[in-house]
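Below is one structure, written out as structure tokens, with a few remarks after it.
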Amino acid sequence: MREQILSTATEMFVARGYEGVAMREIADACGITKPALYYHFAGKSAVLNAICVGYLDEVAAVVADSADHGTGEQRLRWLVHGLFALPPARRAIMRLAMHDVGQLEPDDRAAFGRAYVERFLAPINELFAAGSASGEFVDKDPALLTRLLLGVLYPFFAPPRNEAVAEPVDDLLDVFCGGVRRRP
């Protein structure tokens with residue numbers, strides 16, 4: 001039942017936002033009573049925390065997997081392709097987490113923030129640091145390069161549309177890695 005609650009709540013939060021969903025609606029959508037929902041989760045913040053932590057596990061696995069795939073650019077491409085391989089509804093959790101992480105209880109928010117930095121941002125920073133040290137990437141602050149990459153990816157983590165749209169992953173990576181300047 002816990003997994004069904006998380007799946008249902010995820011769909012609802014992604015579609016309508018955290019504030020747009022009530023615990024009663026989650027319970028109704030799961031076909032359970034509100035007390036049964038509270039048996040599994042202390043409140044809506046606890047549901048959001050479980051969703052965010054579960055998603056962090058998924059993306060951290062993708063980041064960790066990219067570490068064994070060649071040069072800096074090859075690793076970067078593997079990482080981005082891995083993120084885009086997640087179902088669009090799962091990728092949309094990134095936007096949900098970034099938008100609504102402030103709704104978590106303070107201890108949960110702090111723990112999630114630490115885990116996000118340690119398991120997601122730091123390995124990407126390390127990828128850029130290694131690429132810069134080897135001369136493959138520009139000599140810029142790795143944290144800045146990570147923020148730029150995530151800024152480029154963020155619009156593609158919107159809630160899924162009804163129609164199937166081919167996502168321009170390779171074009172995105174070509175521009176990110178090569179820049180927008182036309183080469184002679």
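Residue names in the structure tokens use chain letters A, B, ... in the order shown, residue numbers from 1 in each chain, and ligand numbers from 1 in the order shown.
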
task: Find the residues near Gly113 (chain A): any atom within 10 Å, counting only C-alpha atoms, skip ones fewer than 6 places away on the same chain, and give them as a list of chain:residue names.
output: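 What passes the distance filter is A:Val101, A:Asp107, A:Arg119.
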
task: Apply DSSP to the backbone of this structure and, from region 43-150 of chain A, keep only the residues in alpha helix (DSSP H); write these as a PyMOL selection string.
output: chain A and resi 44-66+72-85+88-100+106-116+122-133+142-150

message: With only C-alpha atoms as the counted atoms, please give the residues lying no more than 10 Å from Leu79 (chain A), apart from itself and same-chain residues fewer than 6 positions off, as an MDAnalysis selection string.
response: chainID A and resid 59 61:67 69 73 85 124

message: With only C-alpha atoms as the counted atoms, please give the residues lying no more than 12 Å from region 128-144 of chain A, apart from itself and same-chain residues fewer than 6 positions off, as number ranges by chain.
response: A: 67, 70-76, 117, 120-122, 150-151, 176-179

task: Using only C-alpha atoms, find the one residue out of A:Ala50, A:Asn125, A:Ala22, A:Asp108 that sits nearest to Leu148 (chain A).
output: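 Of all the options, A:Asn125 lies closest to Leu148 (chain A).
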
- prompt: For Gly43 (chain A), which residue among A:Val80, A:Val180, A:Leu104, A:Cys30 is the nearest when counting only C-alpha atoms?
  reply: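 Between A:Val80, A:Val180, A:Leu104, A:Cys30, the residue approaching Gly43 (chain A) most closely is A:Leu104.
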